[in-house]
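work.csv follows; it contains CSV, C-alpha atoms.
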```csv
chain,number,residue,atom,x,y,z
A,30,MET,CA,0.0,0.0,0.0
A,31,SER,CA,1.5,3.3,-1.1
A,32,ASP,CA,1.9,6.3,1.3
A,33,ALA,CA,2.3,8.7,-1.6
A,34,PRO,CA,-0.1,11.6,-1.5
A,35,SER,CA,-2.9,11.8,-4.0
A,36,PRO,CA,-2.2,14.2,-6.9
A,37,ARG,CA,-3.6,17.7,-6.5
A,38,LYS,CA,-6.5,18.7,-8.7
A,39,ILE,CA,-5.7,22.2,-10.1
A,40,ILE,CA,-7.8,24.3,-12.5
A,41,HIS,CA,-6.4,27.3,-14.3
A,42,ILE,CA,-9.2,29.6,-15.5
A,43,ASP,CA,-8.3,32.2,-18.2
A,44,MET,CA,-10.9,34.5,-19.6
A,45,ASP,CA,-10.9,34.7,-23.4
A,46,ALA,CA,-9.6,38.1,-24.7
A,47,PHE,CA,-11.1,39.5,-21.5
A,48,TYR,CA,-10.9,43.3,-22.0
A,49,ALA,CA,-11.8,43.1,-25.7
A,50,SER,CA,-14.6,40.6,-25.0
A,51,VAL,CA,-16.1,43.0,-22.4
A,52,GLU,CA,-16.1,45.8,-24.9
A,53,GLN,CA,-17.7,43.6,-27.6
A,54,ARG,CA,-20.3,42.4,-25.1
A,55,ASP,CA,-21.3,46.0,-24.1
A,56,ASP,CA,-21.2,47.4,-27.6
A,57,PRO,CA,-22.9,45.2,-30.2
A,58,THR,CA,-21.4,47.2,-33.1
A,59,LEU,CA,-18.0,45.8,-32.1
A,60,ARG,CA,-19.0,42.1,-32.3
A,61,GLY,CA,-17.2,40.2,-35.0
A,62,ARG,CA,-14.8,43.1,-35.7
A,63,PRO,CA,-11.1,43.6,-34.9
A,64,VAL,CA,-10.9,45.5,-31.6
A,65,ALA,CA,-7.9,46.7,-29.7
A,66,VAL,CA,-8.3,48.0,-26.1
A,67,GLY,CA,-5.7,50.8,-25.7
A,68,GLY,CA,-4.6,54.1,-27.0
A,69,ALA,CA,-4.6,54.8,-30.7
A,70,GLU,CA,-2.1,57.7,-30.5
A,71,ALA,CA,1.4,57.4,-31.8
A,72,ARG,CA,2.9,56.3,-28.5
A,73,GLY,CA,-0.1,54.1,-27.5
A,74,VAL,CA,0.1,50.4,-26.7
A,75,VAL,CA,-2.4,47.6,-27.2
A,76,ALA,CA,-3.6,46.4,-23.8
A,77,ALA,CA,-5.7,43.6,-25.3
A,78,ALA,CA,-6.9,42.4,-28.7
A,79,SER,CA,-10.0,40.6,-29.8
A,80,TYR,CA,-9.6,37.3,-31.6
A,81,GLU,CA,-10.6,39.0,-34.9
A,82,ALA,CA,-7.7,41.4,-34.4
A,83,ARG,CA,-5.3,38.6,-33.4
A,84,ALA,CA,-5.9,36.9,-36.8
A,85,PHE,CA,-4.0,39.9,-38.2
A,86,GLY,CA,-1.1,39.4,-35.7
A,87,VAL,CA,-2.2,42.1,-33.3
A,88,ARG,CA,-1.1,41.3,-29.8
A,89,SER,CA,-1.1,42.9,-26.3
A,90,ALA,CA,1.8,45.2,-25.5
A,91,MET,CA,2.3,45.9,-29.2
A,92,PRO,CA,2.8,49.6,-30.2
A,93,SER,CA,-0.5,50.9,-31.6
A,94,VAL,CA,1.2,52.1,-34.8
A,95,THR,CA,2.4,48.6,-35.5
A,96,ALA,CA,-1.1,47.2,-34.7
A,97,ARG,CA,-2.7,49.7,-37.1
A,98,ARG,CA,-0.2,48.8,-39.8
A,99,ARG,CA,-1.1,45.1,-39.5
A,100,CYS,CA,-4.8,45.7,-39.4
A,101,PRO,CA,-5.9,49.0,-41.0
A,102,GLU,CA,-9.5,48.4,-40.0
A,103,LEU,CA,-8.6,47.9,-36.3
A,104,ILE,CA,-11.0,49.7,-33.9
A,105,PHE,CA,-9.3,51.2,-30.8
A,106,VAL,CA,-11.4,51.4,-27.6
A,107,ARG,CA,-10.2,53.2,-24.5
A,108,PRO,CA,-9.9,50.7,-21.5
A,109,ARG,CA,-12.5,50.8,-18.7
A,110,PHE,CA,-10.6,49.2,-15.9
A,111,ASP,CA,-13.3,49.9,-13.3
A,112,VAL,CA,-15.7,47.7,-15.4
A,113,TYR,CA,-13.1,45.0,-15.8
A,114,ARG,CA,-12.4,45.0,-12.1
A,115,ALA,CA,-16.1,44.7,-11.2
A,116,ILE,CA,-16.5,41.7,-13.6
A,117,SER,CA,-13.4,40.1,-12.1
A,118,HIS,CA,-14.9,40.3,-8.6
A,119,GLN,CA,-18.0,38.7,-10.0
A,120,ILE,CA,-16.0,35.9,-11.5
A,121,ARG,CA,-14.0,35.3,-8.3
A,122,ALA,CA,-17.2,35.1,-6.3
A,123,ILE,CA,-18.1,32.1,-8.6
A,124,PHE,CA,-14.7,30.5,-7.9
A,125,ALA,CA,-15.3,30.9,-4.1
A,126,ASP,CA,-18.4,28.7,-4.3
A,127,TYR,CA,-16.1,25.8,-5.2
A,128,THR,CA,-12.9,26.4,-3.2
A,129,ALA,CA,-11.2,28.7,-0.8
A,130,LEU,CA,-7.9,28.0,-2.5
A,131,ILE,CA,-7.9,30.7,-5.2
A,132,GLU,CA,-4.7,32.3,-6.4
A,133,PRO,CA,-5.5,35.2,-8.7
A,134,LEU,CA,-2.8,36.0,-11.3
A,135,ALA,CA,-4.6,39.0,-12.8
A,136,LEU,CA,-8.1,40.3,-13.3
A,137,ASP,CA,-8.7,37.7,-16.0
A,138,GLU,CA,-7.0,34.5,-14.7
A,139,ALA,CA,-6.5,32.4,-11.5
A,140,TYR,CA,-5.5,29.0,-10.2
A,141,LEU,CA,-8.0,27.0,-8.2
A,142,ASP,CA,-7.1,24.0,-6.1
A,143,VAL,CA,-10.2,21.7,-6.1
A,144,THR,CA,-8.7,18.6,-4.7
A,145,GLU,CA,-11.5,18.7,-2.1
A,146,ASP,CA,-14.7,18.3,-4.1
A,147,GLN,CA,-17.0,20.5,-2.0
A,148,HIS,CA,-20.1,19.9,-4.0
A,149,GLY,CA,-19.6,16.2,-4.9
A,150,LEU,CA,-19.4,16.8,-8.6
A,151,GLY,CA,-17.2,13.8,-9.0
A,152,SER,CA,-14.2,15.3,-10.9
A,153,ALA,CA,-12.1,18.4,-11.5
A,154,ARG,CA,-13.3,18.3,-15.1
A,155,ALA,CA,-16.9,18.5,-13.9
A,156,ILE,CA,-16.1,21.4,-11.6
A,157,ALA,CA,-14.3,23.3,-14.4
A,158,GLN,CA,-17.3,22.7,-16.7
A,159,GLU,CA,-19.7,24.0,-14.2
A,160,ILE,CA,-17.6,27.1,-13.4
A,161,ARG,CA,-17.3,27.9,-17.1
A,162,ALA,CA,-21.0,27.5,-17.6
A,163,ARG,CA,-21.7,29.9,-14.7
A,164,ILE,CA,-19.3,32.5,-16.0
A,165,ARG,CA,-21.1,32.5,-19.4
A,166,ALA,CA,-24.5,32.6,-17.8
A,167,GLU,CA,-23.7,35.3,-15.2
A,168,THR,CA,-21.4,37.6,-17.2
A,169,GLY,CA,-22.1,36.8,-20.9
A,170,LEU,CA,-18.3,36.0,-21.4
A,171,THR,CA,-16.4,32.9,-22.1
A,172,ALA,CA,-13.5,31.3,-20.2
A,173,SER,CA,-11.1,28.6,-21.1
A,174,ALA,CA,-9.9,26.1,-18.4
A,175,GLY,CA,-6.9,23.8,-18.0
A,176,VAL,CA,-7.2,20.9,-15.5
A,177,SER,CA,-4.3,19.0,-14.3
A,178,TYR,CA,-2.3,17.8,-11.3
A,179,ASN,CA,0.0,20.9,-11.0
A,180,LYS,CA,0.0,24.6,-11.8
A,181,PHE,CA,2.5,24.4,-14.6
A,182,ILE,CA,0.5,22.0,-16.7
A,183,ALA,CA,-2.9,23.4,-15.8
A,184,LYS,CA,-1.8,26.8,-17.2
A,185,LEU,CA,-0.4,25.2,-20.4
A,186,ALA,CA,-3.7,23.3,-20.8
A,187,SER,CA,-5.9,26.3,-20.4
A,188,ASP,CA,-4.3,27.7,-23.6
A,189,GLN,CA,-4.6,24.5,-25.5
A,190,ASN,CA,-8.2,24.8,-26.8
A,191,LYS,CA,-8.8,28.6,-26.7
A,192,PRO,CA,-11.2,30.2,-27.0
A,193,ASP,CA,-14.0,28.8,-24.9
A,194,GLY,CA,-12.1,25.5,-24.4
A,195,LEU,CA,-11.4,22.9,-21.8
A,196,CYS,CA,-8.3,20.7,-21.7
A,197,VAL,CA,-7.7,18.0,-19.1
A,198,ILE,CA,-4.2,16.5,-18.6
A,199,PRO,CA,-4.2,13.6,-16.0
A,200,PRO,CA,-0.9,12.6,-14.3
A,201,ALA,CA,-0.2,9.7,-16.7
A,202,LYS,CA,-0.3,12.0,-19.7
A,203,GLY,CA,1.6,15.0,-18.2
A,204,PRO,CA,5.2,14.2,-19.3
A,205,ALA,CA,4.1,13.4,-22.9
A,206,PHE,CA,2.0,16.5,-23.1
A,207,VAL,CA,4.9,18.7,-22.0
A,208,ALA,CA,7.4,16.9,-24.3
A,209,ALA,CA,5.4,17.7,-27.4
A,210,LEU,CA,5.1,21.4,-26.8
A,211,PRO,CA,7.5,24.1,-28.0
A,212,VAL,CA,9.5,25.6,-25.1
A,213,ALA,CA,8.2,29.0,-26.2
A,214,ARG,CA,4.8,28.0,-24.7
A,215,PHE,CA,6.3,27.3,-21.3
A,216,HIS,CA,5.4,29.9,-18.6
A,217,GLY,CA,8.5,31.8,-17.7
A,218,VAL,CA,10.2,31.2,-21.1
A,219,GLY,CA,10.0,34.6,-22.9
A,220,PRO,CA,11.1,35.4,-26.5
A,221,VAL,CA,14.7,36.1,-25.5
A,222,THR,CA,15.1,32.8,-23.5
A,223,ALA,CA,13.4,30.9,-26.3
A,224,ARG,CA,15.9,32.2,-28.8
A,225,ARG,CA,18.8,31.3,-26.5
A,226,MET,CA,17.4,27.8,-26.2
A,227,ALA,CA,16.9,27.5,-30.0
A,228,ALA,CA,20.6,28.4,-30.4
A,229,LEU,CA,21.4,25.4,-28.1
A,230,GLY,CA,19.2,23.1,-30.1
A,231,ILE,CA,16.3,23.2,-27.5
A,232,GLU,CA,13.0,23.8,-29.2
A,233,THR,CA,10.6,21.4,-27.6
A,234,GLY,CA,9.9,20.0,-24.1
A,235,GLU,CA,11.5,16.7,-25.2
A,236,ASP,CA,14.7,18.6,-26.2
A,237,LEU,CA,14.7,20.3,-22.8
A,238,ARG,CA,14.2,17.0,-21.0
A,239,GLY,CA,17.3,15.7,-22.7
A,240,GLN,CA,19.5,18.3,-20.9
A,241,SER,CA,21.1,17.8,-17.6
A,242,VAL,CA,20.5,20.1,-14.7
A,243,ASP,CA,24.2,21.1,-14.7
A,244,PHE,CA,23.9,22.1,-18.4
A,245,LEU,CA,20.8,24.1,-17.7
A,246,ARG,CA,22.5,25.9,-14.7
A,247,ALA,CA,25.5,26.8,-16.9
A,248,HIS,CA,23.2,28.5,-19.4
A,249,PHE,CA,20.1,29.6,-17.5
A,250,GLY,CA,21.4,30.1,-13.9
A,251,SER,CA,18.8,30.0,-11.1
A,252,HIS,CA,16.0,29.3,-13.7
A,253,ALA,CA,17.6,25.8,-14.3
A,254,ASP,CA,15.8,23.8,-11.6
A,255,TYR,CA,12.4,25.1,-12.6
A,256,LEU,CA,13.1,24.2,-16.3
A,257,HIS,CA,14.5,20.8,-15.4
A,258,GLY,CA,11.3,19.9,-13.5
A,259,ALA,CA,8.9,21.5,-16.0
A,260,ALA,CA,10.4,19.4,-18.8
A,261,ARG,CA,9.4,16.3,-16.8
A,262,GLY,CA,5.9,17.6,-16.0
A,263,LEU,CA,6.9,18.3,-12.4
A,264,ASP,CA,5.8,21.3,-10.4
A,265,ASP,CA,5.3,21.2,-6.6
A,266,ARG,CA,4.1,24.8,-6.1
A,267,PRO,CA,0.8,24.9,-4.1
A,268,VAL,CA,-2.0,27.2,-4.9
A,269,ARG,CA,-1.4,30.2,-2.6
A,270,PRO,CA,-4.4,32.5,-1.9
A,271,ASP,CA,-2.1,34.8,0.1
A,272,ARG,CA,0.7,34.9,-2.4
A,273,PRO,CA,2.5,38.3,-1.8
A,274,THR,CA,3.3,40.4,-4.9
A,275,LYS,CA,6.8,41.8,-4.7
A,276,SER,CA,6.9,43.8,-7.9
A,277,ILE,CA,5.0,44.2,-11.2
A,278,GLY,CA,6.5,45.5,-14.4
A,279,ALA,CA,7.5,44.9,-18.0
A,280,GLU,CA,10.7,45.0,-20.0
A,281,ARG,CA,11.6,45.0,-23.7
A,282,THR,CA,14.7,43.9,-25.6
A,283,PHE,CA,15.2,45.9,-28.8
A,284,ASP,CA,16.3,44.7,-32.3
A,285,HIS,CA,18.8,47.5,-32.4
A,286,ASN,CA,20.6,49.5,-29.7
A,287,LEU,CA,18.8,52.7,-28.9
A,288,ALA,CA,21.1,55.8,-28.7
A,289,ASP,CA,18.8,58.7,-29.7
A,290,ALA,CA,17.3,60.5,-26.6
A,291,GLY,CA,13.9,60.8,-28.4
A,292,GLU,CA,13.9,57.1,-29.4
A,293,ILE,CA,14.7,56.1,-25.8
A,294,ALA,CA,12.0,58.3,-24.4
A,295,ALA,CA,9.4,56.8,-26.8
A,296,ALA,CA,10.6,53.3,-25.7
A,297,ILE,CA,10.2,54.1,-22.0
A,298,ASP,CA,6.6,55.3,-22.7
A,299,HIS,CA,5.8,52.0,-24.5
A,300,VAL,CA,7.3,49.9,-21.6
A,301,ALA,CA,5.5,52.1,-19.0
A,302,GLU,CA,2.2,51.5,-20.8
A,303,ALA,CA,2.7,47.7,-20.8
A,304,ALA,CA,3.9,47.7,-17.2
A,305,TRP,CA,1.1,49.8,-15.9
A,306,GLU,CA,-1.5,47.7,-17.7
A,307,ARG,CA,-0.2,44.8,-15.6
A,308,VAL,CA,-0.3,46.9,-12.5
A,309,VAL,CA,-4.0,47.8,-13.1
A,310,ARG,CA,-4.8,44.1,-13.8
A,311,SER,CA,-3.2,43.1,-10.5
A,312,GLY,CA,-5.1,45.6,-8.5
A,313,GLU,CA,-2.0,46.4,-6.5
A,314,ARG,CA,-0.5,49.8,-5.5
A,315,GLY,CA,3.1,50.5,-4.7
A,316,ARG,CA,5.5,53.3,-3.9
A,317,THR,CA,8.8,52.5,-5.7
A,318,VAL,CA,9.5,52.8,-9.4
A,319,THR,CA,12.6,51.0,-10.7
A,320,LEU,CA,14.2,51.5,-14.1
A,321,LYS,CA,16.3,48.7,-15.6
A,322,PHE,CA,18.5,49.2,-18.6
A,323,ARG,CA,21.1,47.1,-20.4
A,324,ARG,CA,23.9,48.6,-22.4
A,325,ALA,CA,25.3,47.3,-25.7
A,326,ASP,CA,28.1,45.6,-23.7
A,327,PHE,CA,25.4,43.6,-21.8
A,328,ARG,CA,26.1,45.4,-18.5
A,329,THR,CA,22.8,45.9,-16.7
A,330,PHE,CA,22.0,48.8,-14.4
A,331,THR,CA,19.0,49.7,-12.2
A,332,ARG,CA,17.9,53.0,-10.8
A,333,ALA,CA,15.0,53.5,-8.4
A,334,ARG,CA,12.9,56.2,-6.8
A,335,SER,CA,10.6,55.7,-3.8
A,336,LEU,CA,7.7,58.0,-2.9
A,337,THR,CA,6.0,58.7,0.3
A,338,ASP,CA,2.6,58.0,-1.2
A,339,PRO,CA,1.6,55.3,-3.8
A,340,VAL,CA,2.3,56.0,-7.4
A,341,ALA,CA,-0.9,57.7,-8.6
A,342,GLY,CA,-1.2,56.5,-12.2
A,343,ARG,CA,0.4,55.6,-15.4
A,344,ALA,CA,1.5,59.2,-16.2
A,345,GLN,CA,3.4,59.6,-12.9
A,346,PHE,CA,4.9,56.1,-13.3
A,347,ALA,CA,6.1,56.9,-16.8
A,348,ALA,CA,7.4,60.4,-15.8
A,349,ILE,CA,9.5,58.9,-13.0
A,350,GLY,CA,11.0,56.4,-15.5
A,351,GLN,CA,11.8,59.2,-17.9
A,352,THR,CA,13.5,61.2,-15.1
A,353,LEU,CA,15.6,58.2,-14.0
A,354,MET,CA,16.6,57.6,-17.6
A,355,ALA,CA,17.4,61.2,-18.4
A,356,ARG,CA,20.0,61.2,-15.6
A,357,GLU,CA,21.9,58.4,-17.3
A,358,LEU,CA,22.1,59.9,-20.8
A,359,PRO,CA,24.0,59.5,-23.0
A,360,VAL,CA,24.5,55.8,-22.6
A,361,GLU,CA,27.8,54.4,-24.0
A,362,GLY,CA,27.0,52.1,-27.0
A,363,GLY,CA,23.3,52.6,-26.7
A,364,ILE,CA,20.6,50.6,-24.9
A,365,ARG,CA,19.5,47.1,-25.8
A,366,LEU,CA,16.9,46.5,-23.0
A,367,LEU,CA,14.6,48.7,-20.9
A,368,GLY,CA,12.4,47.8,-18.0
A,369,LEU,CA,10.1,49.5,-15.5
A,370,THR,CA,8.7,47.9,-12.4
A,371,LEU,CA,6.5,49.0,-9.5
A,372,SER,CA,7.5,47.7,-6.0
A,373,SER,CA,7.1,48.5,-2.3
A,374,ILE,CA,3.6,47.0,-2.8
A,375,LEU,CA,1.1,48.1,-0.2
A,376,ASP,CA,-0.4,45.7,2.3
A,377,PRO,CA,-4.1,44.8,1.7
A,378,ASP,CA,-5.4,47.1,4.5
A,379,GLU,CA,-3.6,50.1,2.8
A,380,ARG,CA,-4.9,49.6,-0.7
A,381,ASP,CA,-8.3,51.2,-0.3
A,382,GLN,CA,-6.9,54.5,1.0
A,383,PRO,CA,-7.7,57.3,-1.5
A,384,VAL,CA,-5.0,58.7,-3.7
A,385,LEU,CA,-5.2,61.7,-6.0
A,386,PRO,CA,-5.1,60.4,-9.6
A,387,LEU,CA,-2.7,62.1,-12.0
A,388,ASP,CA,-3.9,60.4,-15.2
```

Encoding of this model in structure tokens:
Amino acid sequence: MSDAPSPRKIIHIDMDAFYASVEQRDDPTLRGRPVAVGGAEARGVVAAASYEARAFGVRSAMPSVTARRRCPELIFVRPRFDVYRAISHQIRAIFADYTALIEPLALDEAYLDVTEDQHGLGSARAIAQEIRARIRAETGLTASAGVSYNKFIAKLASDQNKPDGLCVIPPAKGPAFVAALPVARFHGVGPVTARRMAALGIETGEDLRGQSVDFLRAHFGSHADYLHGAARGLDDRPVRPDRPTKSIGAERTFDHNLADAGEIAAAIDHVAEAAWERVVRSGERGRTVTLKFRRADFRTFTRARSLTDPVAGRAQFAAIGQTLMARELPVEGGIRLLGLTLSSILDPDERDQPVLPLD
């Protein structure tokens, strides 16, 4: 008789094109048309794109001018974050009917641990099906779900049959599922890391599984242990309802080194837009803005400014980033990477204190 614990039953719920779908739901004239939530101005950034827009290659965090070039008929809609937050609270209330173990990742996605079947539905699949049905009935929106025995695979699975899809990966099929996927699909493997892996001959989960942990440590440092386990379908992280957020941000690596001050300023605005969209999605507030930049010689620097009060909005966030960068110009050899993050995150009991908005 085995003393091994039973596998967890984890659901990852991911709303389908959440912001854009809300706008299409509330404005019937937008349904079936390519929609981008974000600013249409020259320095604007796409916060979200409808599936009709994605067919043209429009993606979140893409500069608006690029999105317009790819899809001339693209319709830009200003974001309504208060509406998105209200719907997110409505969806989380549905989750709470099935488990107290809910780990939100953003307004539109969360992990749920449903190992304890509170309603006797019989399986995690059945729970996910009922949650998706209730989301559709109560909000008019669709959600995709991944069901598996750990967080890593559940998140991969939720993306497998989008939109409005369900994918279940039981323990016996986990390693084979991971092996067949491109490593670019792995959570935590961004475009830069994916390119580094490709240069090493690692393009699939099976390729990654063939590497020793020592090899991975030599090339990917502290990320190696995670990658080694992920390639084998392993992930011991629990669903953590009280998971503290340390920082939220975004960074971009450029195809050419930026040297012109105007070009650098425009790049900071784009990064600030992408980072602040993540801040708003998280619902967090913080007091410290950190600028990260990498020179052409790959030396990386950070500069930070902390405020007495929380950063009031995207405009202040971007302005602090611009000020921090201006003090460093000119940068020898130009800049190949820029990043902005918000940290010194407030405790939950501080978040509802009013703050004067600057946007």

Which residues are close to region 37-51 of chain A, i.e. within 8 Å by all atoms listed in the file, leaving aside same-chain residues fewer than 4 positions away? Reply as a VMD selection string.
chain A and resid 55 64 to 66 77 to 80 108 113 137 to 144 153 157 170 to 180 183 to 184 187 191 to 193

Check the smallest atom-to-atom distance from each of A:Asp126, A:Glu313, A:Glu81, A:Glu70 to Gln53 (chain A) using only C-alpha atoms, then report the winner.
A:Glu81

Quick one: pull the distance between CA of Ser311 (chain A) and CA of Leu134 (chain A), Å, one decimal.
7.2 Å

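Comparing the minimum interatomic distances between Phe85 (chain A) and each of A:Leu185, A:Val212, A:Ala162, A:Cys100, counting only C-alpha atoms, we find that A:Cys100 sits nearest.
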
Using only C-alpha atoms, the shortest atom-to-atom distance to Leu287 (chain A) among A:Val340, A:Ile231, A:Val197, A:Leu367 belongs to A:Leu367

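Using all atoms listed in the file, the set of residues no farther than 12 Å from the position (11.6, 62.7, -15.2) comprises Ala294, Ile297, Asp298, Val318, Leu320, Ala333, Arg334, Ala344, Gln345, Phe346, Ala347, Ala348, Ile349, Gly350, Gln351, Thr352, Leu353, Met354, Ala355, Arg356 and Glu357 of chain A.
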
Give me, please, the distance in Å between CA of Ile198 (chain A) and CA of Ala186 (chain A), quoted to one decimal.
7.2 Å

Could you check how far CA of Ala115 (chain A) sits from CA of Val309 (chain A), in Å to one decimal?
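Pair CA of Ala115 (chain A) / CA of Val309 (chain A) returns 12.6 Å.
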
I'd like to know which of A:Arg269, A:Arg307, A:Arg109, A:Arg238 is closest to Glu52 (chain A), using only C-alpha atoms.
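So, comparing all the options, the nearest one is A:Arg109.
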
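The closest residue to Pro267 (chain A), picked from A:Glu102, A:Pro92, A:Phe181, A:Ala155 and counting only C-alpha atoms, is A:Phe181.
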
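Near Ala304 (chain A), within 9 Å and counting only C-alpha atoms, sit Ala90, Ile277, Gly278, Ala279, Glu280, His299, Val300, Ala301, Arg307, Val308, Val309, Arg343, Gly368, Leu369, Thr370 and Leu371 of chain A, not including residues fewer than 3 positions from it in the same chain.
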
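Among the candidates A:Gly363, A:Gly239, A:Gly291, A:Gly258, the one nearest to Arg323 (chain A) when counting only C-alpha atoms is A:Gly363.
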
Contact residues around Arg310 (chain A) with only C-alpha atoms at 7 Å, ignoring same-chain residues under 3 positions, as a PyMOL selection string
chain A and resi 135-136+306-307
